$ cat work13.cif   # mmCIF, C-alpha atoms
data_data
#
loop_
_atom_site.label_atom_id
_atom_site.label_comp_id
_atom_site.auth_asym_id
_atom_site.auth_seq_id
_atom_site.Cartn_x
_atom_site.Cartn_y
_atom_site.Cartn_z
CA ALA A 1 4.14 38.65 -45.72
CA SER A 2 5.11 37.08 -42.41
CA ALA A 3 2.51 37.23 -39.66
CA PRO A 4 2.95 37.74 -35.91
CA PRO A 5 3.57 34.51 -33.99
CA LEU A 6 0.83 32.53 -32.34
CA PRO A 7 1.09 31.67 -28.63
CA GLY A 8 3.93 29.19 -28.16
CA GLN A 9 5.20 29.54 -31.73
CA VAL A 10 8.24 31.56 -30.70
CA VAL A 11 10.21 30.26 -27.74
CA ILE A 12 12.65 32.09 -25.47
CA SER A 13 15.63 29.76 -25.87
CA GLU A 14 18.72 31.44 -24.38
CA ILE A 15 19.35 34.23 -21.89
CA MET A 16 22.58 36.11 -21.14
CA TYR A 17 21.77 38.05 -17.99
CA ASP A 18 25.27 38.51 -16.52
CA PRO A 19 28.05 39.28 -19.02
CA HIS A 20 31.25 39.82 -17.13
CA ASP A 21 34.98 40.58 -17.08
CA GLY A 22 34.75 44.05 -18.58
CA LEU A 23 31.43 43.77 -20.41
CA GLU A 24 28.62 45.87 -18.95
CA ASP A 25 25.08 44.56 -18.40
CA ARG A 26 23.58 47.64 -20.07
CA ASP A 27 25.53 46.87 -23.28
CA ALA A 28 26.17 43.14 -23.46
CA GLU A 29 23.04 41.35 -22.23
CA TRP A 30 21.08 39.43 -24.84
CA LEU A 31 18.11 37.14 -25.45
CA GLU A 32 17.59 34.47 -28.09
CA LEU A 33 14.25 33.50 -29.64
CA TYR A 34 13.47 30.32 -31.58
CA ASN A 35 10.68 29.83 -34.13
CA ALA A 36 9.20 26.44 -33.28
CA GLY A 37 6.49 26.76 -35.95
CA ALA A 38 6.20 25.75 -39.60
CA THR A 39 5.88 29.29 -40.98
CA ALA A 40 7.98 32.45 -40.78
CA VAL A 41 6.96 35.07 -38.23
CA ASN A 42 7.49 38.82 -37.98
CA LEU A 43 7.96 40.39 -34.54
CA GLU A 44 7.33 43.96 -35.69
CA GLY A 45 5.19 45.68 -33.07
CA CYS A 46 5.67 42.90 -30.52
CA GLN A 47 6.94 43.67 -27.03
CA ILE A 48 9.84 42.01 -25.27
CA ALA A 49 9.85 42.70 -21.55
CA ASP A 50 11.24 41.80 -18.17
CA ALA A 51 9.58 42.32 -14.80
CA THR A 52 10.19 46.07 -14.77
CA ALA A 53 10.26 47.38 -18.36
CA SER A 54 9.40 46.56 -21.97
CA SER A 55 10.66 47.39 -25.45
CA LEU A 56 8.78 47.61 -28.74
CA LEU A 57 10.41 45.54 -31.47
CA GLU A 58 10.94 46.63 -35.04
CA ALA A 59 10.70 44.18 -37.96
CA VAL A 60 12.42 40.92 -36.95
CA VAL A 61 11.58 37.99 -39.22
CA ILE A 62 12.36 34.47 -37.97
CA ALA A 63 12.25 31.58 -40.44
CA PRO A 64 10.77 28.23 -39.37
CA GLY A 65 13.34 26.50 -37.17
CA GLY A 66 15.38 29.71 -37.08
CA TYR A 67 16.68 31.96 -34.35
CA ALA A 68 16.63 35.69 -33.65
CA LEU A 69 19.06 37.54 -31.39
CA LEU A 70 17.85 40.50 -29.33
CA ALA A 71 20.53 42.54 -27.60
CA ALA A 72 20.89 45.54 -25.32
CA SER A 73 23.20 47.29 -27.80
CA ALA A 74 23.85 47.17 -31.54
CA ASP A 75 27.51 48.12 -31.09
CA PRO A 76 29.84 45.08 -31.41
CA GLU A 77 32.57 47.03 -29.63
CA VAL A 78 30.63 46.91 -26.36
CA ASN A 79 28.09 44.09 -26.75
CA GLY A 80 30.55 41.21 -27.09
CA GLY A 81 30.93 41.22 -30.87
CA LEU A 82 27.25 40.54 -31.55
CA ILE A 83 25.22 41.44 -34.65
CA PRO A 84 21.68 41.46 -33.23
CA ASP A 85 18.42 41.20 -35.13
CA GLY A 86 16.63 43.48 -32.67
CA LEU A 87 17.19 45.55 -29.54
CA PHE A 88 15.72 45.92 -26.06
CA ASP A 89 16.12 48.75 -23.59
CA PHE A 90 16.12 47.19 -20.13
CA THR A 91 18.54 45.34 -17.86
CA LEU A 92 17.97 41.77 -16.76
CA ASN A 93 18.22 40.74 -13.13
CA ASN A 94 21.03 38.31 -12.32
CA THR A 95 19.21 36.02 -9.90
CA ALA A 96 15.58 36.07 -11.02
CA ASP A 97 13.48 37.81 -13.65
CA ASP A 98 10.35 37.42 -15.76
CA VAL A 99 10.98 37.59 -19.52
CA THR A 100 7.95 37.81 -21.81
CA LEU A 101 7.22 38.12 -25.52
CA THR A 102 3.81 39.63 -26.32
CA CYS A 103 2.34 40.27 -29.77
CA ASP A 104 -0.95 42.09 -30.41
CA GLY A 105 -1.67 41.90 -26.69
CA VAL A 106 -1.32 38.10 -26.66
CA LEU A 107 1.37 36.34 -24.61
CA VAL A 108 3.56 34.29 -26.97
CA ASP A 109 6.08 32.97 -24.44
CA GLN A 110 7.29 33.62 -20.91
CA VAL A 111 10.25 32.45 -18.85
CA ARG A 112 10.43 33.17 -15.13
CA TYR A 113 14.01 32.23 -14.38
CA ASN A 114 15.04 32.01 -10.75
CA GLU A 115 18.10 30.27 -9.35
CA GLU A 116 16.09 29.31 -6.26
CA VAL A 117 13.80 27.05 -8.31
CA GLY A 118 16.42 25.18 -10.31
CA PHE A 119 17.51 27.58 -13.04
CA PRO A 120 21.30 27.75 -13.47
CA ARG A 121 23.23 30.61 -11.88
CA ALA A 122 25.58 31.87 -14.56
CA ARG A 123 28.23 34.54 -14.89
CA ALA A 124 29.96 35.32 -18.22
CA MET A 125 27.82 32.59 -19.77
CA SER A 126 24.25 32.27 -20.90
CA ILE A 127 21.63 29.91 -19.62
CA SER A 128 20.65 27.72 -22.54
CA LEU A 129 17.46 25.75 -23.20
CA HIS A 130 18.18 22.10 -24.03
CA PRO A 131 17.86 21.68 -27.83
CA ASP A 132 15.44 18.76 -27.36
CA LEU A 133 13.16 20.97 -25.24
CA LEU A 134 12.58 23.97 -27.53
CA ASP A 135 8.99 24.33 -26.44
CA ALA A 136 7.06 27.14 -24.74
CA GLY A 137 5.94 24.75 -22.02
CA GLN A 138 9.24 22.97 -21.46
CA ASN A 139 11.14 26.21 -21.00
CA ASP A 140 9.14 26.96 -17.85
CA ALA A 141 11.13 24.35 -15.89
CA GLY A 142 14.55 25.14 -14.46
CA ASN A 143 15.88 21.66 -15.22
CA SER A 144 15.28 22.27 -18.96
CA TRP A 145 18.12 24.80 -18.87
CA CYS A 146 21.89 24.52 -18.44
CA HIS A 147 25.03 26.59 -18.82
CA ALA A 148 26.10 27.23 -22.41
CA ARG A 149 28.97 25.00 -23.51
CA ASP A 150 30.46 26.99 -26.40
CA THR A 151 32.24 30.32 -26.36
CA TYR A 152 31.26 33.22 -28.63
CA LEU A 153 33.92 35.66 -27.42
CA ASP A 154 37.50 34.95 -26.33
CA GLY A 155 38.55 38.27 -24.87
CA PRO A 156 36.95 38.45 -22.37
CA GLN A 157 35.74 34.86 -22.55
CA GLN A 158 31.94 34.66 -22.78
CA TRP A 159 29.93 31.48 -23.23
CA GLY A 160 26.82 31.03 -25.35
CA THR A 161 25.43 30.43 -28.83
CA PRO A 162 23.67 33.74 -29.56
CA GLY A 163 21.43 33.42 -32.62
CA ALA A 164 22.49 29.83 -33.32
CA ALA A 165 21.46 26.32 -32.28
CA ASN A 166 21.99 25.58 -28.60
CA THR A 167 24.45 22.94 -27.48
CA GLY A 168 23.16 20.04 -25.42
CA CYS A 169 23.03 19.90 -21.65
CA GLU A 170 24.74 16.53 -21.42
CA GLY A 171 28.19 16.13 -19.93
CA ALA A 172 28.47 14.59 -16.54
CA VAL A 173 30.50 16.24 -13.82
CA GLY A 174 33.79 14.33 -13.59
CA PHE A 175 34.23 15.23 -9.96
CA CYS A 176 33.16 17.82 -7.42
CA ARG A 177 35.22 17.93 -4.26
CA LEU A 178 36.12 20.02 -1.28
CA GLN A 179 39.64 21.40 -1.49
CA HIS A 180 40.21 23.49 1.62
CA PRO A 181 39.66 23.47 4.54
CA THR A 182 38.74 19.84 5.11
CA GLU A 183 37.93 20.56 8.75
CA ILE A 184 36.26 23.67 10.15
CA GLU A 185 36.48 25.00 13.67
CA ALA A 186 34.46 28.17 14.02
CA GLU A 187 31.99 29.82 16.30
CA PHE A 188 28.27 29.59 15.59
CA ARG A 189 27.26 31.75 12.58
CA ALA A 190 30.84 32.74 11.85
CA GLU A 191 31.64 33.24 8.14
CA VAL A 192 34.16 30.75 6.75
CA ALA A 193 35.64 30.70 3.23
CA VAL A 194 35.49 27.21 1.70
CA TYR A 195 37.15 26.25 -1.60
CA GLY A 196 36.25 23.39 -3.90
CA ARG A 197 36.99 22.07 -7.37
CA VAL A 198 34.65 20.94 -10.13
CA TYR A 199 35.80 19.11 -13.26
CA VAL A 200 33.68 18.81 -16.40
CA GLU A 201 35.42 17.50 -19.50
CA GLY A 202 35.43 20.03 -22.33
CA ILE A 203 34.51 22.96 -20.09
CA THR A 204 36.88 23.26 -17.14
CA ASP A 205 39.96 21.79 -18.88
CA ARG A 206 40.35 24.19 -21.81
CA THR A 207 43.31 26.11 -20.37
CA PRO A 208 45.73 25.69 -17.47
CA GLY A 209 43.82 28.47 -15.66
CA ASN A 210 40.41 28.70 -14.02
CA ASP A 211 37.97 27.94 -16.85
CA ALA A 212 34.19 28.43 -16.80
CA ALA A 213 34.23 30.89 -13.94
CA GLY A 214 30.48 31.35 -14.18
CA LEU A 215 29.70 27.78 -13.15
#

$ encode --input "work13.cif" --output "C-alpha cells"
Amino acid sequence: ASAPPLPGQVVISEIMYDPHDGLEDRDAEWLELYNAGATAVNLEGCQIADATASSLLEAVVIAPGGYALLAASADPEVNGGLIPDGLFDFTLNNTADDVTLTCDGVLVDQVRYNEEVGFPRARAMSISLHPDLLDAGQNDAGNSWCHARDTYLDGPQQWGTPGAANTGCEGAVGFCRLQHPTEIEAEFRAEVAVYGRVYVEGITDRTPGNDAAGL
C-alpha cells in the first residue's frame, strides 16, 4: 500500500487562485501537487490548508512523477470542466496566501505566494512552477513561478495545466510599451489612467481581441 509522503516528496506545483469571467472562486479554484519521489504516495488523512482554513483529504494516490488535482468543487459545470482527485473547502486569497500540505502532523510542502515578493499576479490563469524547478525548496521563490501558457477551458478562457505537466516559463516579451497618454499633466497625487501594450508570442496573439487578460 502507498504510504504518506515524506517532507519535500510532494510539491505544490500550480495554483489557480483567481478564476474569472463567470467562474466563481468558491467553485473554480484549484491546486496541483506533484510527486517528486521514487515511490507512490497516498494523501489520505493529510491536510491541505491556506492561511485561514484547512481541509482533510480522502484517499489520493500520486504515482512517482505524477500529479494530483485538488479543487474547490467536484462539479465540472461550475469548476471549469475539471475532474479533480481531491477537494478542499476554503477560498484562496488573490494577492497573497500561505498554502501548506501536512501529513501525520509533518509539513510536506509550503508555498507562501505574494505578488509583492515576485510571485506572478494572475487572473483567469494559474501561477505555474517551472518544470525544471519541481522541488519543495525551489517553489519558495517567486521567480520560480510564471503564468500558465496553455488553456484548459475556452469558454470562458482559463489558462493552466491542472493535473498535467507544467509548461515552461520561457518566452521573452516581444515588446512592452506605453500607449496612451504619452505625456501627463496632472496635479500632485491625482489619479490618471494609463494604457500600455504587451506582446508575447503565442500568448497575446491568439485572437484579434485582448488575449491573456490576466497578465

$ closest_residue --input "work13.cif" --among "A:Ala28, A:Leu23, A:Ile12, A:Ala40" --to "Ala74 (chain A)" --atoms "all atoms listed in the file"
A:Ala28

$ residues_near_point --input "work13.cif" --point "(12.9, 24.0, -23.3)" --cutoff "10 Å" --atoms "only C-alpha atoms" --output "ChimeraX atom specification"
/A:11-14,111,128-145

$ write_last_selection --input "work13.cif" --atoms "C-alpha atoms" --output "PDB file, in the coordinates of the input"
ATOM      1  CA  VAL A  11      10.210  30.260 -27.740  1.00  0.00           C
ATOM      2  CA  ILE A  12      12.650  32.090 -25.470  1.00  0.00           C
ATOM      3  CA  SER A  13      15.630  29.760 -25.870  1.00  0.00           C
ATOM      4  CA  GLU A  14      18.720  31.440 -24.380  1.00  0.00           C
ATOM      5  CA  VAL A 111      10.250  32.450 -18.850  1.00  0.00           C
ATOM      6  CA  SER A 128      20.650  27.720 -22.540  1.00  0.00           C
ATOM      7  CA  LEU A 129      17.460  25.750 -23.200  1.00  0.00           C
ATOM      8  CA  HIS A 130      18.180  22.100 -24.030  1.00  0.00           C
ATOM      9  CA  PRO A 131      17.860  21.680 -27.830  1.00  0.00           C
ATOM     10  CA  ASP A 132      15.440  18.760 -27.360  1.00  0.00           C
ATOM     11  CA  LEU A 133      13.160  20.970 -25.240  1.00  0.00           C
ATOM     12  CA  LEU A 134      12.580  23.970 -27.530  1.00  0.00           C
ATOM     13  CA  ASP A 135       8.990  24.330 -26.440  1.00  0.00           C
ATOM     14  CA  ALA A 136       7.060  27.140 -24.740  1.00  0.00           C
ATOM     15  CA  GLY A 137       5.940  24.750 -22.020  1.00  0.00           C
ATOM     16  CA  GLN A 138       9.240  22.970 -21.460  1.00  0.00           C
ATOM     17  CA  ASN A 139      11.140  26.210 -21.000  1.00  0.00           C
ATOM     18  CA  ASP A 140       9.140  26.960 -17.850  1.00  0.00           C
ATOM     19  CA  ALA A 141      11.130  24.350 -15.890  1.00  0.00           C
ATOM     20  CA  GLY A 142      14.550  25.140 -14.460  1.00  0.00           C
ATOM     21  CA  ASN A 143      15.880  21.660 -15.220  1.00  0.00           C
ATOM     22  CA  SER A 144      15.280  22.270 -18.960  1.00  0.00           C
ATOM     23  CA  TRP A 145      18.120  24.800 -18.870  1.00  0.00           C
TER      24      TRP A 145
END

$ resolve_selection --input "work13.cif" --expression "the PyMOL selection byres ((chain A and resi 27) around 10)" --output "list in words"
Pro19, Leu23, Glu24, Asp25, Arg26, Ala28, Glu29, Trp30, Ala71, Ala72, Ser73, Ala74, Asp75, Pro76, Glu77, Val78, Asn79, Gly80, Asp89, Phe90 and Thr91 of chain A

$ residues_near_point --input "work13.cif" --point "(15.0, 44.1, -31.1)" --cutoff "9 Å" --atoms "only C-alpha atoms" --output "NGL selection string"
:A and (43-44 or 48 or 55-60 or 68-72 or 84-89)

$ closest_residue --input "work13.cif" --among "A:Leu153, A:Ile15, A:Ala186, A:Val61" --to "Arg112 (chain A)" --atoms "all atoms listed in the file"
A:Ile15

$ resolve_selection --input "work13.cif" --expression "the PyMOL selection byres ((chain A and resi 41) around 8)" --output "list of chain:residue names"
A:Ser2, A:Ala3, A:Pro4, A:Pro5, A:Asn35, A:Thr39, A:Ala40, A:Asn42, A:Leu43, A:Val61, A:Ile62, A:Ala63, A:Pro64

$ residues_around --input "work13.cif" --residues "Cys146 (chain A)" --least-positions-apart "4" --cutoff "6 Å" --atoms "all atoms listed in the file" --output "compact mmCIF listing (two decimals) with C-alpha atoms, in the frame of the given file"
# COMPACT_ATOMS: atom_id res chain seq x y z
CA PRO A 120 21.30 27.75 -13.47
CA ILE A 127 21.63 29.91 -19.62
CA SER A 128 20.65 27.72 -22.54
CA CYS A 169 23.03 19.90 -21.65

$ residues_around --input "work13.cif" --residues "Thr52 (chain A)" --least-positions-apart "4" --cutoff "10 Å" --atoms "all atoms listed in the file" --output "compact mmCIF listing (two decimals) with C-alpha atoms, in the frame of the given file"
# COMPACT_ATOMS: atom_id res chain seq x y z
CA PHE A 90 16.12 47.19 -20.13
CA THR A 91 18.54 45.34 -17.86
CA LEU A 92 17.97 41.77 -16.76
CA ASN A 93 18.22 40.74 -13.13
CA ASP A 97 13.48 37.81 -13.65
CA ASP A 98 10.35 37.42 -15.76
CA VAL A 99 10.98 37.59 -19.52

$ closest_residue --input "work13.cif" --among "A:Leu33, A:Ala148, A:Val10, A:Leu101" --to "Gln47 (chain A)" --atoms "all atoms listed in the file"
A:Leu101

$ atom_distance --input "work13.cif" --atom1 "CA of Arg123 (chain A)" --atom2 "CA of Ala165 (chain A)"
20.4 Å

$ atom_distance --input "work13.cif" --atom1 "CA of Tyr113 (chain A)" --atom2 "CA of Asn94 (chain A)"
9.5 Å

$ atom_distance --input "work13.cif" --atom1 "CA of Ala190 (chain A)" --atom2 "CA of Asn114 (chain A)"
27.6 Å

$ closest_residue --input "work13.cif" --among "A:Val192, A:Ala164, A:Ala122, A:Ala49" --to "Thr95 (chain A)" --atoms "only C-alpha atoms"
A:Ala122

$ closest_residue --input "work13.cif" --among "A:Thr151, A:Thr102, A:Gly37, A:Met16" --to "Arg121 (chain A)" --atoms "all atoms listed in the file"
A:Met16

$ resolve_selection --input "work13.cif" --expression "the PyMOL selection byres ((chain A and resi 155-159) around 7)" --output "list of chain:residue names"
A:Asp21, A:Ala124, A:Met125, A:Ser126, A:Ala148, A:Arg149, A:Asp150, A:Thr151, A:Tyr152, A:Leu153, A:Asp154, A:Gly160

$ write_last_selection --input "work13.cif" --atoms "C-alpha atoms" --output "PDB file, in the frame of the given file"
ATOM      1  CA  ASP A  21      34.980  40.580 -17.080  1.00  0.00           C
ATOM      2  CA  ALA A 124      29.960  35.320 -18.220  1.00  0.00           C
ATOM      3  CA  MET A 125      27.820  32.590 -19.770  1.00  0.00           C
ATOM      4  CA  SER A 126      24.250  32.270 -20.900  1.00  0.00           C
ATOM      5  CA  ALA A 148      26.100  27.230 -22.410  1.00  0.00           C
ATOM      6  CA  ARG A 149      28.970  25.000 -23.510  1.00  0.00           C
ATOM      7  CA  ASP A 150      30.460  26.990 -26.400  1.00  0.00           C
ATOM      8  CA  THR A 151      32.240  30.320 -26.360  1.00  0.00           C
ATOM      9  CA  TYR A 152      31.260  33.220 -28.630  1.00  0.00           C
ATOM     10  CA  LEU A 153      33.920  35.660 -27.420  1.00  0.00           C
ATOM     11  CA  ASP A 154      37.500  34.950 -26.330  1.00  0.00           C
ATOM     12  CA  GLY A 160      26.820  31.030 -25.350  1.00  0.00           C
TER      13      GLY A 160
END

$ axis_aligned_box --input "work13.cif" --around "region 32-37 of chain A" --padding-each-side "4 Å" --output "AutoDock Vina command-line options"
--center_x 12.0 --center_y 30.5 --center_z -32.0 --size_x 19.1 --size_y 16.0 --size_z 15.9

$ closest_residue --input "work13.cif" --among "A:Thr100, A:Pro181, A:Gly81, A:Leu107" --to "Leu31 (chain A)" --atoms "all atoms listed in the file"
A:Thr100

$ decode --input "work13.cif" --residues "region 120-140 of chain A" --atoms "N, CA, C and O atoms" --output "PDB file, in the first residue's frame"
ATOM      1  N   PRO A 120       3.914  35.863  -9.571  1.00  0.00           N
ATOM      2  CA  PRO A 120       3.080  36.490 -10.599  1.00  0.00           C
ATOM      3  C   PRO A 120       1.695  36.849 -10.072  1.00  0.00           C
ATOM      4  O   PRO A 120       1.132  36.134  -9.244  1.00  0.00           O
ATOM      5  N   ARG A 121       1.152  37.962 -10.555  1.00  0.00           N
ATOM      6  CA  ARG A 121      -0.245  38.313 -10.303  1.00  0.00           C
ATOM      7  C   ARG A 121      -1.047  37.818 -11.492  1.00  0.00           C
ATOM      8  O   ARG A 121      -0.796  38.211 -12.630  1.00  0.00           O
ATOM      9  N   ALA A 122      -1.996  36.944 -11.248  1.00  0.00           N
ATOM     10  CA  ALA A 122      -2.703  36.292 -12.342  1.00  0.00           C
ATOM     11  C   ALA A 122      -4.210  36.395 -12.158  1.00  0.00           C
ATOM     12  O   ALA A 122      -4.718  36.351 -11.036  1.00  0.00           O
ATOM     13  N   ARG A 123      -4.903  36.498 -13.269  1.00  0.00           N
ATOM     14  CA  ARG A 123      -6.357  36.481 -13.272  1.00  0.00           C
ATOM     15  C   ARG A 123      -6.802  35.635 -14.453  1.00  0.00           C
ATOM     16  O   ARG A 123      -6.353  35.830 -15.577  1.00  0.00           O
ATOM     17  N   ALA A 124      -7.678  34.665 -14.198  1.00  0.00           N
ATOM     18  CA  ALA A 124      -8.135  33.708 -15.215  1.00  0.00           C
ATOM     19  C   ALA A 124      -6.996  32.818 -15.704  1.00  0.00           C
ATOM     20  O   ALA A 124      -7.101  32.199 -16.751  1.00  0.00           O
ATOM     21  N   MET A 125      -5.923  32.764 -14.949  1.00  0.00           N
ATOM     22  CA  MET A 125      -4.825  31.848 -15.261  1.00  0.00           C
ATOM     23  C   MET A 125      -4.124  31.467 -13.968  1.00  0.00           C
ATOM     24  O   MET A 125      -4.137  32.215 -12.986  1.00  0.00           O
ATOM     25  N   SER A 126      -3.543  30.280 -13.992  1.00  0.00           N
ATOM     26  CA  SER A 126      -2.833  29.814 -12.811  1.00  0.00           C
ATOM     27  C   SER A 126      -1.440  30.419 -12.755  1.00  0.00           C
ATOM     28  O   SER A 126      -0.928  30.957 -13.747  1.00  0.00           O
ATOM     29  N   ILE A 127      -0.828  30.327 -11.562  1.00  0.00           N
ATOM     30  CA  ILE A 127       0.611  30.512 -11.490  1.00  0.00           C
ATOM     31  C   ILE A 127       1.209  29.112 -11.476  1.00  0.00           C
ATOM     32  O   ILE A 127       0.725  28.201 -10.808  1.00  0.00           O
ATOM     33  N   SER A 128       2.269  28.940 -12.261  1.00  0.00           N
ATOM     34  CA  SER A 128       2.778  27.620 -12.598  1.00  0.00           C
ATOM     35  C   SER A 128       4.262  27.527 -12.243  1.00  0.00           C
ATOM     36  O   SER A 128       5.057  28.393 -12.631  1.00  0.00           O
ATOM     37  N   LEU A 129       4.633  26.491 -11.506  1.00  0.00           N
ATOM     38  CA  LEU A 129       6.034  26.273 -11.150  1.00  0.00           C
ATOM     39  C   LEU A 129       6.791  25.778 -12.384  1.00  0.00           C
ATOM     40  O   LEU A 129       6.331  24.878 -13.090  1.00  0.00           O
ATOM     41  N   HIS A 130       7.960  26.377 -12.640  1.00  0.00           N
ATOM     42  CA  HIS A 130       8.757  25.973 -13.800  1.00  0.00           C
ATOM     43  C   HIS A 130       9.030  24.468 -13.729  1.00  0.00           C
ATOM     44  O   HIS A 130       9.404  23.945 -12.670  1.00  0.00           O
ATOM     45  N   PRO A 131       8.851  23.742 -14.841  1.00  0.00           N
ATOM     46  CA  PRO A 131       9.008  22.275 -14.803  1.00  0.00           C
ATOM     47  C   PRO A 131      10.411  21.801 -14.454  1.00  0.00           C
ATOM     48  O   PRO A 131      10.585  20.640 -14.073  1.00  0.00           O
ATOM     49  N   ASP A 132      11.411  22.673 -14.563  1.00  0.00           N
ATOM     50  CA  ASP A 132      12.764  22.295 -14.152  1.00  0.00           C
ATOM     51  C   ASP A 132      13.010  22.569 -12.670  1.00  0.00           C
ATOM     52  O   ASP A 132      14.098  22.275 -12.166  1.00  0.00           O
ATOM     53  N   LEU A 133      11.992  23.127 -11.986  1.00  0.00           N
ATOM     54  CA  LEU A 133      12.163  23.520 -10.586  1.00  0.00           C
ATOM     55  C   LEU A 133      11.098  22.880  -9.697  1.00  0.00           C
ATOM     56  O   LEU A 133      10.636  23.485  -8.737  1.00  0.00           O
ATOM     57  N   LEU A 134      10.737  21.639 -10.009  1.00  0.00           N
ATOM     58  CA  LEU A 134       9.709  20.923  -9.242  1.00  0.00           C
ATOM     59  C   LEU A 134      10.313  20.375  -7.955  1.00  0.00           C
ATOM     60  O   LEU A 134      10.539  19.171  -7.788  1.00  0.00           O
ATOM     61  N   ASP A 135      10.556  21.276  -7.035  1.00  0.00           N
ATOM     62  CA  ASP A 135      11.280  20.963  -5.817  1.00  0.00           C
ATOM     63  C   ASP A 135      10.681  21.770  -4.675  1.00  0.00           C
ATOM     64  O   ASP A 135      10.304  22.932  -4.850  1.00  0.00           O
ATOM     65  N   ALA A 136      10.601  21.175  -3.493  1.00  0.00           N
ATOM     66  CA  ALA A 136       9.956  21.830  -2.358  1.00  0.00           C
ATOM     67  C   ALA A 136      10.749  23.016  -1.829  1.00  0.00           C
ATOM     68  O   ALA A 136      10.227  23.814  -1.053  1.00  0.00           O
ATOM     69  N   GLY A 137      12.001  23.138  -2.231  1.00  0.00           N
ATOM     70  CA  GLY A 137      12.770  24.323  -1.884  1.00  0.00           C
ATOM     71  C   GLY A 137      12.672  25.389  -2.949  1.00  0.00           C
ATOM     72  O   GLY A 137      12.502  26.579  -2.664  1.00  0.00           O
ATOM     73  N   GLN A 138      12.745  24.962  -4.203  1.00  0.00           N
ATOM     74  CA  GLN A 138      12.688  25.903  -5.324  1.00  0.00           C
ATOM     75  C   GLN A 138      11.347  26.617  -5.414  1.00  0.00           C
ATOM     76  O   GLN A 138      11.278  27.769  -5.866  1.00  0.00           O
ATOM     77  N   ASN A 139      10.271  25.961  -4.982  1.00  0.00           N
ATOM     78  CA  ASN A 139       8.967  26.611  -5.133  1.00  0.00           C
ATOM     79  C   ASN A 139       8.698  27.678  -4.077  1.00  0.00           C
ATOM     80  O   ASN A 139       7.640  28.292  -4.053  1.00  0.00           O
ATOM     81  N   ASP A 140       9.685  27.928  -3.202  1.00  0.00           N
ATOM     82  CA  ASP A 140       9.556  29.022  -2.242  1.00  0.00           C
ATOM     83  C   ASP A 140       9.814  30.382  -2.895  1.00  0.00           C
ATOM     84  O   ASP A 140       9.390  31.414  -2.374  1.00  0.00           O
TER      85      ASP A 140
END
